[in-house]
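K.L.:
Take a look at this one; I'll ask things after.
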Amino acid sequence: MTASPGRRDFLKKGSLAAAGFLAAIRQPTTAVAAQAGDAPAEQLPPAPPHHQRPQPQHPDHVQAEYEGFSRFQPSRGNDPDSPFYLGKTVPGFRQAADGPAPFEAPNLDKLPYVLKNGVKEFHLVPQPVQREFLPGYWMNVWGFNGSMPGPTIEINQGDRIRVIVTNELPEDTTIHWHGFELPVQQDGSSTMTQNPIRPGQTYVYEFDVHEEGTFFYHTHVAMQEAFGMIGWMIVHPRKVFDPPVDRDFGLLFQNFFIGPNQTVADSQKMDWNWHTINGRSGPFASPLVCRHGERVRVRLLNFSPMQHHPVHMHGHTFWVTAHEGARIPKSAWIPRNTELVAVAQASTFEFIANNPGDWMFHCHMVHHMMNHMVEQVGPRIRPGSSVDRYLANLNTRPPAEVSPTAAGAEPPGYPQEMQGMEMNPAFMKKIWAQRTMQGMRATAPMSMMGLMTAMRVLPDDLYHRLMETDEEIPQGEFFTEIVRRFGNPANYKEAPKMKMPGMEMPGMEMPGMEMPGLNKHP
């Protein structure tokens with residue numbers, strides 16, 4: 001969608017002014033080699049006086065402050081009853097006349113359509129697929145059109161759609177359009193409303209869409225759901241919601257149980273050791289990136305087999321503005337920084353990105369903040385692993401007496417530093433190849449596992465360099481610059497270096513570095 005001339009002029013002038021100022025004041029930082037845990041203070045130039053810092057820009061139709069709430073710095077507002085308290089109805093830079101902000105689900109494609117006699121026609125293919133949960137770790141799951149989750153169907157309220165489904169699975173299936181109020185024979189609820197779509201057969205669903213909001217499609221065969229068969233369905237409203245947002249992100253959470261020597265999910269399990277966001281596990285789940293001062297919407301969808309997710313975002317307070325049913329009236333919006341999303345539910349929240357930085361965005365269940373959480377003993381042990389440390393303390397084996405140690409001299413509990421999966425050069429190269437990772441601290445991937453990603457709030461000039469140019473951004477450069485502008489550079493310490501053989505990447509200078517929470521299958 002083309003921006004209005006006023007918006008283009010604002011972006012161009014704001015980016016050039018901020019970039020020019022930054023170029024004038026930027027000085028190279030001194031990278032000091034360090035061992036992990038003993039990083040010296042980074043040699044940062046002092047922050048310029050406040051009146052000399054780049055001043056955030058905004059178009060004429062928005063303000064920098066609304067009744068004590070600031071668009072550009074953390075704030076609350078003067079009155080909890082004010083419509084602007086915590087940024088509740090503070091508008092974004094985008095205007096309603098610009099139409100709805102495009103929906104962005106990182107790492108997922110959108111399903112194209114052909115318009116035939118006023119009907120939007122989509123082709124959907126349920127099939128076995130391979131999905132790369134982490135770099136080099138391909139899992140055999142089920143999805144649609146070569147993807148798990150399937151591609152996003154993005155439509156408008158009032159559309160009539162036709163979805164032609166061709167089954168390439170080895171068994172029968174049906175597709176349910178979750179949350180839509182449609183003619184009963186289009187519902188896709190297995191044999192209750194239709195004959196199953198047999199392997200190789202095609203079935204056509206067609207219906208009018210009178211709703212708006214966050215929906216999804218999925219198989220209506222239970223174990224196929226556990227294999228990952230779901231995709232977004234986003235319906236934009238006829239009338240853009242007030243206040244309009246600048247960003248519209250979607251994060252789809254799933255769980256799988258995949259054994260240490262397997263690549264196929266076990267749908268009969270009731271616990272789960274792989275956790276994905278839009279089909280990838282942290283740190284391979286791409287961060288979300290927005291501009292400082294924008295109004296941001298995030299849709300959270302939980303399609304885990306049977307586990308809820310308390311999703312927490314650091315650095316901001318948001319308003320819960322919708323669930324999977326519909327938009328919530330403003331009088332019932334709730335301010336939160338953690339939103340509990342149950343199975344098959346979606347929650348939507350909105351906030352003003354007024355706190356620059358790289359902010360953790362994650363499920364708060366501890367087992368969901370790790371990857372491949374499995375025991376390394378018995379039939380699940382990996383080639384080359386040793387059980388000696390488990391044999392060192394036989395008192396831990398029942399019916400022995402209670403012991404203060406779990407395995408040898410190690411403390412009880414699950415080991416955070418798991419074995420068998422290294423952050424090798426190829427692994428890390430692919431992590432940092434994600435455009436939205438560039439400029440983050442060199443150790444940022446160590447913080448993101450399982451259902452973990454980041455919300456990056458960047459000043460306009462940094463956003464421009466990252467998202468609107470092809471410039472390579474060194475690790476740590478943007479984070480350091482944000483600390484210099486908005487933090488206390490005097491006591492900032494650079495990230496420990498982690499060098500790996502064969503990697504010419506700053507911030508990687510420690511041989512044999514293992515990633516907590518990961519174990520590799522053969």
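Ordering of the structure tokens sets the chain letters (A, B, ...); residue numbers start at 1 within each chain; ligands are numbered from 1 in the order shown.
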If we count only C-alpha atoms and set the cut-off at 6 Å, which residues sit around stretch 474-487 of chain A, ignoring sequence neighbours fewer than 4 positions away in its own chain? Please answer as a PyMOL selection string.
P.N.:
chain A and resi 47+439-442
K.L.:
Could the residues in this selection be written to a file with N, CA, C and O atoms, as a PDB file, in the first residue's frame?
P.N.:
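So result35.pdb came out as:
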ATOM      1  N   ALA A  47      27.024  10.172  25.983  1.00  0.00           N
ATOM      2  CA  ALA A  47      25.805  10.605  25.317  1.00  0.00           C
ATOM      3  C   ALA A  47      25.827  12.128  25.183  1.00  0.00           C
ATOM      4  O   ALA A  47      26.299  12.831  26.069  1.00  0.00           O
ATOM      5  N   GLY A 439      22.393  -6.154  14.396  1.00  0.00           N
ATOM      6  CA  GLY A 439      22.554  -5.036  15.321  1.00  0.00           C
ATOM      7  C   GLY A 439      22.293  -5.378  16.767  1.00  0.00           C
ATOM      8  O   GLY A 439      22.577  -4.572  17.653  1.00  0.00           O
ATOM      9  N   MET A 440      21.738  -6.588  17.039  1.00  0.00           N
ATOM     10  CA  MET A 440      21.520  -6.997  18.422  1.00  0.00           C
ATOM     11  C   MET A 440      22.841  -7.412  19.059  1.00  0.00           C
ATOM     12  O   MET A 440      23.842  -7.650  18.371  1.00  0.00           O
ATOM     13  N   ARG A 441      22.873  -7.504  20.382  1.00  0.00           N
ATOM     14  CA  ARG A 441      24.092  -7.931  21.088  1.00  0.00           C
ATOM     15  C   ARG A 441      24.535  -9.305  20.598  1.00  0.00           C
ATOM     16  O   ARG A 441      23.713 -10.159  20.241  1.00  0.00           O
ATOM     17  N   ALA A 442      25.846  -9.530  20.602  1.00  0.00           N
ATOM     18  CA  ALA A 442      26.395 -10.785  20.101  1.00  0.00           C
ATOM     19  C   ALA A 442      25.870 -11.997  20.864  1.00  0.00           C
ATOM     20  O   ALA A 442      25.802 -13.096  20.335  1.00  0.00           O
TER      21      ALA A 442
END
K.L.:
Using only C-alpha atoms, which residues of stretch 149-266 of chain A come within 12 Å of stretch 340-357 of chain A, and what is the closest atom pair for each, with the distance in Å to one decimal? Give it as CSV, sorted by chain and residue number.
P.N.:
residue,atom,partner,partner_atom,distance
A:His178,CA,A:Ala344,CA,8.9
A:Gly179,CA,A:Gln345,CA,10.1
A:Gly213,CA,A:Thr348,CA,9.4
A:Thr214,CA,A:Ala346,CA,7.1
A:Phe215,CA,A:Ala346,CA,8.1
A:Phe216,CA,A:Ala344,CA,9.3
A:Tyr217,CA,A:Ala344,CA,10.9
A:His218,CA,A:Ala344,CA,10.4
A:Glu225,CA,A:Ala344,CA,10.8
A:Ala226,CA,A:Val343,CA,11.9
A:Ile230,CA,A:Ala344,CA,10.5
A:Trp232,CA,A:Ala346,CA,10.7
A:Met233,CA,A:Ala346,CA,11.7
A:Ile234,CA,A:Ala346,CA,11.7
A:Phe241,CA,A:Glu350,CA,11.7
A:Asp242,CA,A:Glu350,CA,11.6
A:Pro243,CA,A:Glu350,CA,10.0
A:Pro244,CA,A:Glu350,CA,10.2
A:Val245,CA,A:Glu350,CA,8.1
A:Asp246,CA,A:Ile352,CA,9.8
A:Arg247,CA,A:Glu350,CA,9.5
A:Asp248,CA,A:Glu350,CA,9.1
A:Phe249,CA,A:Thr348,CA,9.6
A:Gly250,CA,A:Thr348,CA,9.0
A:Leu251,CA,A:Ala346,CA,9.7
A:Leu252,CA,A:Ala346,CA,9.0
A:Phe253,CA,A:Val343,CA,9.6
A:Gln254,CA,A:Val343,CA,9.6
A:Asn255,CA,A:Val343,CA,10.9
K.L.:
Go ahead and save the picked residues with N, CA and C atoms, as a PDB file, in the first residue's frame.
P.N.:
ATOM      1  N   HIS A 178     -12.097 -21.977  11.774  1.00  0.00           N
ATOM      2  CA  HIS A 178     -12.296 -21.781  13.203  1.00  0.00           C
ATOM      3  C   HIS A 178     -12.844 -20.389  13.502  1.00  0.00           C
ATOM      4  N   GLY A 179     -14.066 -20.355  14.045  1.00  0.00           N
ATOM      5  CA  GLY A 179     -14.674 -19.113  14.487  1.00  0.00           C
ATOM      6  C   GLY A 179     -15.630 -18.472  13.505  1.00  0.00           C
ATOM      7  N   GLY A 213     -11.621  -9.876  12.253  1.00  0.00           N
ATOM      8  CA  GLY A 213     -10.840 -10.265  13.414  1.00  0.00           C
ATOM      9  C   GLY A 213      -9.803 -11.322  13.122  1.00  0.00           C
ATOM     10  N   THR A 214      -9.391 -12.012  14.189  1.00  0.00           N
ATOM     11  CA  THR A 214      -8.329 -13.016  14.133  1.00  0.00           C
ATOM     12  C   THR A 214      -8.950 -14.406  14.115  1.00  0.00           C
ATOM     13  N   PHE A 215      -8.758 -15.124  13.030  1.00  0.00           N
ATOM     14  CA  PHE A 215      -9.299 -16.475  12.872  1.00  0.00           C
ATOM     15  C   PHE A 215      -8.190 -17.398  12.390  1.00  0.00           C
ATOM     16  N   PHE A 216      -8.530 -18.679  12.237  1.00  0.00           N
ATOM     17  CA  PHE A 216      -7.543 -19.618  11.711  1.00  0.00           C
ATOM     18  C   PHE A 216      -8.253 -20.817  11.114  1.00  0.00           C
ATOM     19  N   TYR A 217      -7.547 -21.501  10.227  1.00  0.00           N
ATOM     20  CA  TYR A 217      -8.052 -22.755   9.662  1.00  0.00           C
ATOM     21  C   TYR A 217      -7.190 -23.899  10.186  1.00  0.00           C
ATOM     22  N   HIS A 218      -7.799 -25.052  10.353  1.00  0.00           N
ATOM     23  CA  HIS A 218      -7.031 -26.216  10.802  1.00  0.00           C
ATOM     24  C   HIS A 218      -7.773 -27.496  10.443  1.00  0.00           C
ATOM     25  N   GLU A 225      -3.953 -32.362  14.152  1.00  0.00           N
ATOM     26  CA  GLU A 225      -3.712 -31.062  14.788  1.00  0.00           C
ATOM     27  C   GLU A 225      -2.393 -31.095  15.560  1.00  0.00           C
ATOM     28  N   ALA A 226      -2.129 -32.199  16.243  1.00  0.00           N
ATOM     29  CA  ALA A 226      -0.888 -32.332  17.011  1.00  0.00           C
ATOM     30  C   ALA A 226       0.331 -32.379  16.099  1.00  0.00           C
ATOM     31  N   ILE A 230      -2.322 -26.124  10.849  1.00  0.00           N
ATOM     32  CA  ILE A 230      -3.039 -24.880  11.143  1.00  0.00           C
ATOM     33  C   ILE A 230      -2.485 -23.766  10.275  1.00  0.00           C
ATOM     34  N   TRP A 232      -3.094 -19.116   9.732  1.00  0.00           N
ATOM     35  CA  TRP A 232      -3.812 -17.895  10.068  1.00  0.00           C
ATOM     36  C   TRP A 232      -4.907 -17.603   9.044  1.00  0.00           C
ATOM     37  N   MET A 233      -6.021 -17.009   9.513  1.00  0.00           N
ATOM     38  CA  MET A 233      -7.003 -16.356   8.650  1.00  0.00           C
ATOM     39  C   MET A 233      -7.283 -14.986   9.262  1.00  0.00           C
ATOM     40  N   ILE A 234      -6.805 -13.955   8.620  1.00  0.00           N
ATOM     41  CA  ILE A 234      -6.941 -12.590   9.126  1.00  0.00           C
ATOM     42  C   ILE A 234      -7.988 -11.867   8.288  1.00  0.00           C
ATOM     43  N   PHE A 241     -10.132   0.138  12.462  1.00  0.00           N
ATOM     44  CA  PHE A 241     -10.335   0.378  13.885  1.00  0.00           C
ATOM     45  C   PHE A 241      -9.692   1.693  14.310  1.00  0.00           C
ATOM     46  N   ASP A 242     -10.330   2.342  15.258  1.00  0.00           N
ATOM     47  CA  ASP A 242      -9.823   3.574  15.846  1.00  0.00           C
ATOM     48  C   ASP A 242      -9.316   3.267  17.251  1.00  0.00           C
ATOM     49  N   PRO A 243      -8.052   3.589  17.572  1.00  0.00           N
ATOM     50  CA  PRO A 243      -7.081   4.262  16.717  1.00  0.00           C
ATOM     51  C   PRO A 243      -6.365   3.284  15.772  1.00  0.00           C
ATOM     52  N   PRO A 244      -5.988   3.738  14.565  1.00  0.00           N
ATOM     53  CA  PRO A 244      -5.268   2.862  13.630  1.00  0.00           C
ATOM     54  C   PRO A 244      -3.895   2.482  14.185  1.00  0.00           C
ATOM     55  N   VAL A 245      -3.415   1.311  13.776  1.00  0.00           N
ATOM     56  CA  VAL A 245      -2.083   0.865  14.182  1.00  0.00           C
ATOM     57  C   VAL A 245      -1.123   0.979  13.006  1.00  0.00           C
ATOM     58  N   ASP A 246       0.165   1.081  13.331  1.00  0.00           N
ATOM     59  CA  ASP A 246       1.204   1.120  12.306  1.00  0.00           C
ATOM     60  C   ASP A 246       1.727  -0.268  11.972  1.00  0.00           C
ATOM     61  N   ARG A 247       1.657  -1.189  12.943  1.00  0.00           N
ATOM     62  CA  ARG A 247       2.156  -2.565  12.761  1.00  0.00           C
ATOM     63  C   ARG A 247       1.075  -3.536  13.195  1.00  0.00           C
ATOM     64  N   ASP A 248       1.013  -4.668  12.501  1.00  0.00           N
ATOM     65  CA  ASP A 248       0.040  -5.710  12.830  1.00  0.00           C
ATOM     66  C   ASP A 248       0.753  -7.048  12.732  1.00  0.00           C
ATOM     67  N   PHE A 249       1.284  -7.531  13.871  1.00  0.00           N
ATOM     68  CA  PHE A 249       2.088  -8.751  13.903  1.00  0.00           C
ATOM     69  C   PHE A 249       1.257  -9.942  14.367  1.00  0.00           C
ATOM     70  N   GLY A 250       1.650 -11.136  13.950  1.00  0.00           N
ATOM     71  CA  GLY A 250       1.017 -12.373  14.398  1.00  0.00           C
ATOM     72  C   GLY A 250       2.033 -13.393  14.851  1.00  0.00           C
ATOM     73  N   LEU A 251       1.831 -13.958  16.056  1.00  0.00           N
ATOM     74  CA  LEU A 251       2.706 -15.001  16.605  1.00  0.00           C
ATOM     75  C   LEU A 251       1.850 -16.213  16.952  1.00  0.00           C
ATOM     76  N   LEU A 252       2.158 -17.347  16.318  1.00  0.00           N
ATOM     77  CA  LEU A 252       1.385 -18.581  16.480  1.00  0.00           C
ATOM     78  C   LEU A 252       2.240 -19.588  17.255  1.00  0.00           C
ATOM     79  N   PHE A 253       1.768 -19.975  18.439  1.00  0.00           N
ATOM     80  CA  PHE A 253       2.513 -20.848  19.345  1.00  0.00           C
ATOM     81  C   PHE A 253       2.068 -22.302  19.185  1.00  0.00           C
ATOM     82  N   GLN A 254       3.049 -23.230  19.104  1.00  0.00           N
ATOM     83  CA  GLN A 254       2.766 -24.660  19.017  1.00  0.00           C
ATOM     84  C   GLN A 254       3.770 -25.447  19.861  1.00  0.00           C
ATOM     85  N   ASN A 255       3.373 -26.659  20.257  1.00  0.00           N
ATOM     86  CA  ASN A 255       4.245 -27.592  20.981  1.00  0.00           C
ATOM     87  C   ASN A 255       4.260 -28.927  20.265  1.00  0.00           C
TER      88      ASN A 255
END
K.L.:
I need the residues in stretch 178-238 of chain A that are alpha helix (DSSP H) according to DSSP; give them as a list in words.
P.N.:
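Answer for stretch 178-238 of chain A restricted to alpha helix (DSSP H) is Ala222, Met223, Gln224, Glu225 and Ala226 of chain A.
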K.L.:
Choose the residue, out of A:His364, A:Lys429, A:Arg71, A:Arg160, that has the smallest atom-to-atom separation from A:His58; count only C-alpha atoms.
P.N.:
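Checking each candidate against A:His58, we get A:Arg71 as the closest.
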K.L.:
As a VMD selection string, list the residues of stretch 42-213 of chain A assigned to strand (DSSP E or B) by DSSP on the backbone atoms of this structure.
P.N.:
chain A and resid 43 65 to 66 69 to 70 103 to 104 110 114 to 116 119 to 124 126 to 134 137 to 144 147 152 to 156 160 to 166 173 175 to 178 197 202 to 208 213
K.L.:
Can you list, as a ChimeraX atom specification, every protein, DNA or RNA residue that comes within 12 Å of A:Ile155 when you count only C-alpha atoms, leaving out same-chain residues fewer than 5 positions away?
P.N.:
/A:100,102-103,110-113,115,119-122,160-162,208-216,232-238
K.L.:
Excluding A:Ser190 and its own-chain neighbours fewer than 3 positions away, which residues fall within 7 Å of it when counting only C-alpha atoms? Please give them as a PyMOL selection string.
P.N.:
chain A and resi 174+193-194+196+220
K.L.:
Separation of atom CA of A:Leu182 and atom CA of A:Ala101, in Å?
P.N.:
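A separation of 26.2 Å between them.
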K.L.:
I'd like the interatomic distance between atom CA of A:Pro128 and atom CA of A:Glu171, to a tenth of an Å.
P.N.:
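Atom CA of A:Glu171 lies 10.8 Å from atom CA of A:Pro128.
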